[in-house]
>>> print(open('input_25.pdb').read())   # PDB, C-alpha atoms
ATOM      1  CA  MET A 245     110.479  99.918 100.845
ATOM      2  CA  ASP A 246     109.925  96.890 103.089
ATOM      3  CA  ILE A 247     107.966  98.822 105.714
ATOM      4  CA  GLU A 248     105.735  95.967 106.852
ATOM      5  CA  ALA A 249     108.540  93.402 107.020
ATOM      6  CA  ALA A 250     110.649  95.764 109.144
ATOM      7  CA  LYS A 251     107.659  96.590 111.392
ATOM      8  CA  LEU A 252     107.999 100.345 110.866
ATOM      9  CA  THR A 253     104.961 102.092 112.316
ATOM     10  CA  GLY A 254     103.976 105.386 113.922
ATOM     11  CA  PRO A 255     104.379 109.032 112.958
ATOM     12  CA  SER A 256     106.851 109.424 110.124
ATOM     13  CA  CYS A 257     107.893 111.384 107.061
ATOM     14  CA  ASN A 258     108.537 109.655 103.746
ATOM     15  CA  TYR A 259     110.993 111.222 101.314
ATOM     16  CA  ALA A 260     110.618 110.462  97.597
ATOM     17  CA  ALA A 261     112.953 111.196  94.686
ATOM     18  CA  GLY A 262     111.462 113.804  92.346
ATOM     19  CA  LYS A 263     107.744 113.284  91.782
ATOM     20  CA  SER A 264     107.974 109.523  92.379
ATOM     21  CA  MET A 265     105.454 107.943  94.747
ATOM     22  CA  GLY A 266     108.080 105.508  96.096
ATOM     23  CA  ALA A 267     109.846 106.554  99.286
ATOM     24  CA  VAL A 268     113.643 106.410  99.368
ATOM     25  CA  VAL A 269     113.771 107.306 103.091
ATOM     26  CA  MET A 270     111.325 106.823 105.966
ATOM     27  CA  ALA A 271     112.161 109.047 108.949
ATOM     28  CA  MET A 272     110.682 108.548 112.411
ATOM     29  CA  ASN A 273     111.298 110.304 115.728
ATOM     30  CA  ASP A 274     114.227 108.080 116.764
ATOM     31  CA  ALA A 275     115.399 106.409 113.553
ATOM     32  CA  ALA A 276     115.290 106.488 109.770
ATOM     33  CA  VAL A 277     115.583 103.744 107.176
ATOM     34  CA  MET A 278     116.881 103.778 103.623
ATOM     35  CA  LYS A 279     117.362 100.910 101.202
ATOM     36  CA  LEU A 280     121.069 100.496 100.401
ATOM     37  CA  GLY A 281     122.328  97.675  98.224
ATOM     38  CA  GLY A 282     118.934  95.964  98.343
ATOM     39  CA  ALA A 283     118.709  95.901 102.155
ATOM     40  CA  LEU A 284     117.162  98.315 104.636
ATOM     41  CA  LYS A 285     119.791 100.326 106.521
ATOM     42  CA  ARG A 286     118.742 101.757 109.880
ATOM     43  CA  PHE A 287     120.035 105.165 110.992
ATOM     44  CA  THR A 288     119.824 106.647 114.499
ATOM     45  CA  LEU A 289     118.624 110.192 115.148
ATOM     46  CA  ASP A 290     121.427 112.669 115.853
ATOM     47  CA  PRO A 291     120.188 114.230 119.137
ATOM     48  CA  GLN A 292     121.781 117.605 118.267
ATOM     49  CA  CYS A 293     120.032 117.994 114.897
ATOM     50  CA  ASP A 294     117.188 120.352 114.022
ATOM     51  CA  LYS A 295     113.677 119.011 114.553
ATOM     52  CA  LEU A 296     111.358 118.642 111.574
ATOM     53  CA  GLU A 297     107.737 117.482 111.236
ATOM     54  CA  LYS A 298     106.156 114.641 113.275
ATOM     55  CA  GLY A 299     109.109 114.515 115.663
ATOM     56  CA  THR A 300     111.579 113.646 112.915
ATOM     57  CA  GLY A 301     115.035 115.171 112.640
ATOM     58  CA  SER A 302     117.295 116.709 110.031
ATOM     59  CA  ARG A 303     120.184 114.266 110.599
ATOM     60  CA  TYR A 304     120.472 110.542 111.222
ATOM     61  CA  VAL A 305     123.684 108.541 111.526
ATOM     62  CA  ALA A 306     124.906 104.966 111.108
ATOM     63  CA  PRO A 307     128.450 103.582 111.170
ATOM     64  CA  GLY A 308     130.151 105.074 108.097
ATOM     65  CA  TYR A 309     127.105 107.099 106.987
ATOM     66  CA  VAL A 310     125.378 110.440 107.574
ATOM     67  CA  LEU A 311     121.806 110.981 106.326
ATOM     68  CA  ASP A 312     120.719 114.637 106.070
ATOM     69  CA  LEU A 313     117.049 115.478 105.491
ATOM     70  CA  SER A 314     115.327 118.791 104.905
ATOM     71  CA  VAL A 315     111.886 120.205 104.247
ATOM     72  CA  LYS A 316     110.987 123.573 102.768
ATOM     73  CA  LYS A 317     108.496 124.853 105.327
ATOM     74  CA  GLU A 318     107.106 127.456 102.890
ATOM     75  CA  SER A 319     105.948 124.599 100.614
ATOM     76  CA  ARG A 320     103.718 123.050 103.329
ATOM     77  CA  SER A 321     100.363 121.661 102.183
ATOM     78  CA  GLU A 322      97.748 119.478 103.869
ATOM     79  CA  HIS A 323      95.479 116.916 102.267
ATOM     80  CA  ALA A 324      93.449 114.089 103.834
ATOM     81  CA  GLY A 325      95.405 114.087 107.097
ATOM     82  CA  THR A 326      98.804 114.106 105.406
ATOM     83  CA  ILE A 327     101.225 117.029 105.493
ATOM     84  CA  GLY A 328     103.296 117.550 102.351
ATOM     85  CA  PHE A 329     106.463 119.494 101.597
ATOM     86  CA  ALA A 330     109.211 119.822  99.051
ATOM     87  CA  GLY A 331     112.382 118.421 100.579
ATOM     88  CA  SER A 332     115.722 116.772 100.053
ATOM     89  CA  VAL A 333     117.794 113.736 101.019
ATOM     90  CA  THR A 334     121.602 113.621 101.118
ATOM     91  CA  LEU A 335     123.533 110.487 102.062
ATOM     92  CA  SER A 336     127.250 110.937 102.762
ATOM     93  CA  ASP A 337     129.992 108.584 103.829
ATOM     94  CA  GLY A 338     131.991 109.038 107.016
ATOM     95  CA  LYS A 339     134.439 111.312 105.147
ATOM     96  CA  GLY A 340     131.754 113.730 103.937
ATOM     97  CA  ARG A 341     131.615 112.457 100.349
ATOM     98  CA  VAL A 342     128.084 112.571  98.916
ATOM     99  CA  LEU A 343     126.922 109.096  97.913
ATOM    100  CA  TYR A 344     123.322 109.983  97.033
ATOM    101  CA  ALA A 345     121.331 113.214  96.802
ATOM    102  CA  THR A 346     117.834 114.010  95.587
ATOM    103  CA  ASP A 347     115.147 116.655  95.859
ATOM    104  CA  GLY A 348     111.530 115.556  95.903
ATOM    105  CA  ASP A 349     108.237 115.301  97.698
ATOM    106  CA  VAL A 350     107.956 114.648 101.436
ATOM    107  CA  GLN A 351     104.779 113.284 103.029
ATOM    108  CA  CYS A 352     104.305 113.194 106.800
ATOM    109  CA  GLY A 353     101.536 111.477 108.707
ATOM    110  CA  GLY A 354     100.647 109.100 111.472
TER     111      GLY A 354
END
>>> encode(input="input_25.pdb", output="structure tokens")
Amino acid sequence: MDIEAAKLTGPSCNYAAGKSMGAVVMAMNDAAVMKLGGALKRFTLDPQCDKLEKGTGSRYVAPGYVLDLSVKKESRSEHAGTIGFAGSVTLSDGKGRVLYATDGDVQCGG
């Protein structure tokens, strides 16, 4: 993910697919980003969603897209200042059709 180029800093949670180390989503307190078609797509926090770790939320939106995130609180672990969970990512279009879904590791820090 082009985190440095997009100047994404501060507390966040990174969602990976499976046991991969590469993040597919970076969620922050007011926005989330996901690479779609080779470019970073920015999503805005849905103010009515559930709150997750580090001020992040369970739902972010962009024109034509809904990004749902979850963490399994019972899987919480801490190591070297990072909080880890099992979690999931689901990207849907504006009509509710699932475009992408994965379960994997979530790491929160910052």
>>> atom_distance(input="input_25.pdb", atom1="CA of Met278 in chain A", atom2="CA of Met265 in chain A")
15.1 Å
>>> closest_residue(input="input_25.pdb", among="A:Ala271, A:Gly282, A:His323, A:Asp312", to="Gly340 in chain A", atoms="only C-alpha atoms")
A:Asp312
>>> resolve_selection(input="input_25.pdb", expression="the PyMOL selection byres ((chain A and resi 320) around 12)", output="JSON, numbers by chain")
{"A": [297, 315, 316, 317, 318, 319, 321, 322, 323, 326, 327, 328, 329, 330, 331, 349, 350, 351, 352]}
>>> write_last_selection(input="input_25.pdb", atoms="C-alpha atoms", output="PDB file, keeping the file's coordinate frame")
ATOM      1  CA  GLU A 297     107.737 117.482 111.236  1.00  0.00           C
ATOM      2  CA  VAL A 315     111.886 120.205 104.247  1.00  0.00           C
ATOM      3  CA  LYS A 316     110.987 123.573 102.768  1.00  0.00           C
ATOM      4  CA  LYS A 317     108.496 124.853 105.327  1.00  0.00           C
ATOM      5  CA  GLU A 318     107.106 127.456 102.890  1.00  0.00           C
ATOM      6  CA  SER A 319     105.948 124.599 100.614  1.00  0.00           C
ATOM      7  CA  SER A 321     100.363 121.661 102.183  1.00  0.00           C
ATOM      8  CA  GLU A 322      97.748 119.478 103.869  1.00  0.00           C
ATOM      9  CA  HIS A 323      95.479 116.916 102.267  1.00  0.00           C
ATOM     10  CA  THR A 326      98.804 114.106 105.406  1.00  0.00           C
ATOM     11  CA  ILE A 327     101.225 117.029 105.493  1.00  0.00           C
ATOM     12  CA  GLY A 328     103.296 117.550 102.351  1.00  0.00           C
ATOM     13  CA  PHE A 329     106.463 119.494 101.597  1.00  0.00           C
ATOM     14  CA  ALA A 330     109.211 119.822  99.051  1.00  0.00           C
ATOM     15  CA  GLY A 331     112.382 118.421 100.579  1.00  0.00           C
ATOM     16  CA  ASP A 349     108.237 115.301  97.698  1.00  0.00           C
ATOM     17  CA  VAL A 350     107.956 114.648 101.436  1.00  0.00           C
ATOM     18  CA  GLN A 351     104.779 113.284 103.029  1.00  0.00           C
ATOM     19  CA  CYS A 352     104.305 113.194 106.800  1.00  0.00           C
TER      20      CYS A 352
END
>>> residues_around(input="input_25.pdb", residues="Ser336 in chain A", least_positions_apart="5", cutoff="12 Å", atoms="all atoms listed in the file", output="number ranges by chain")
A: 303-313, 341-345
>>> resolve_selection(input="input_25.pdb", expression="the PyMOL selection byres ((chain A and resi 264) around 12)", output="CSV table (one decimal) with C-alpha atoms, in the coordinates of the input")
chain,number,residue,atom,x,y,z
A,258,ASN,CA,108.5,109.7,103.7
A,259,TYR,CA,111.0,111.2,101.3
A,260,ALA,CA,110.6,110.5,97.6
A,261,ALA,CA,113.0,111.2,94.7
A,262,GLY,CA,111.5,113.8,92.3
A,263,LYS,CA,107.7,113.3,91.8
A,265,MET,CA,105.5,107.9,94.7
A,266,GLY,CA,108.1,105.5,96.1
A,267,ALA,CA,109.8,106.6,99.3
A,268,VAL,CA,113.6,106.4,99.4
A,346,THR,CA,117.8,114.0,95.6
A,347,ASP,CA,115.1,116.7,95.9
A,348,GLY,CA,111.5,115.6,95.9
A,349,ASP,CA,108.2,115.3,97.7
A,350,VAL,CA,108.0,114.6,101.4
A,351,GLN,CA,104.8,113.3,103.0
>>> atom_distance(input="input_25.pdb", atom1="CA of Asn273 in chain A", atom2="CA of Leu335 in chain A")
18.3 Å
>>> atom_distance(input="input_25.pdb", atom1="CA of Leu296 in chain A", atom2="CA of Ala324 in chain A")
20.0 Å
>>> residues_around(input="input_25.pdb", residues="Ser256 in chain A", least_positions_apart="2", cutoff="7 Å", atoms="only C-alpha atoms", output="PDB file with C-alpha atoms, keeping the file's coordinate frame")
ATOM      1  CA  GLY A 254     103.976 105.386 113.922  1.00  0.00           C
ATOM      2  CA  ASN A 258     108.537 109.655 103.746  1.00  0.00           C
ATOM      3  CA  MET A 270     111.325 106.823 105.966  1.00  0.00           C
ATOM      4  CA  ALA A 271     112.161 109.047 108.949  1.00  0.00           C
ATOM      5  CA  MET A 272     110.682 108.548 112.411  1.00  0.00           C
ATOM      6  CA  LYS A 298     106.156 114.641 113.275  1.00  0.00           C
ATOM      7  CA  THR A 300     111.579 113.646 112.915  1.00  0.00           C
ATOM      8  CA  CYS A 352     104.305 113.194 106.800  1.00  0.00           C
ATOM      9  CA  GLY A 353     101.536 111.477 108.707  1.00  0.00           C
ATOM     10  CA  GLY A 354     100.647 109.100 111.472  1.00  0.00           C
TER      11      GLY A 354
END
>>> residues_around(input="input_25.pdb", residues="Arg286 in chain A", least_positions_apart="2", cutoff="7 Å", atoms="only C-alpha atoms", output="ChimeraX atom specification")
/A:275-278,284,288
>>> axis_aligned_box(input="input_25.pdb", around="range 296-312 of chain A", padding_each_side="5 Å", output="JSON")
{"center_x": 118.2, "center_y": 111.1, "center_z": 110.9, "size_x": 34.0, "size_y": 25.1, "size_z": 19.6}
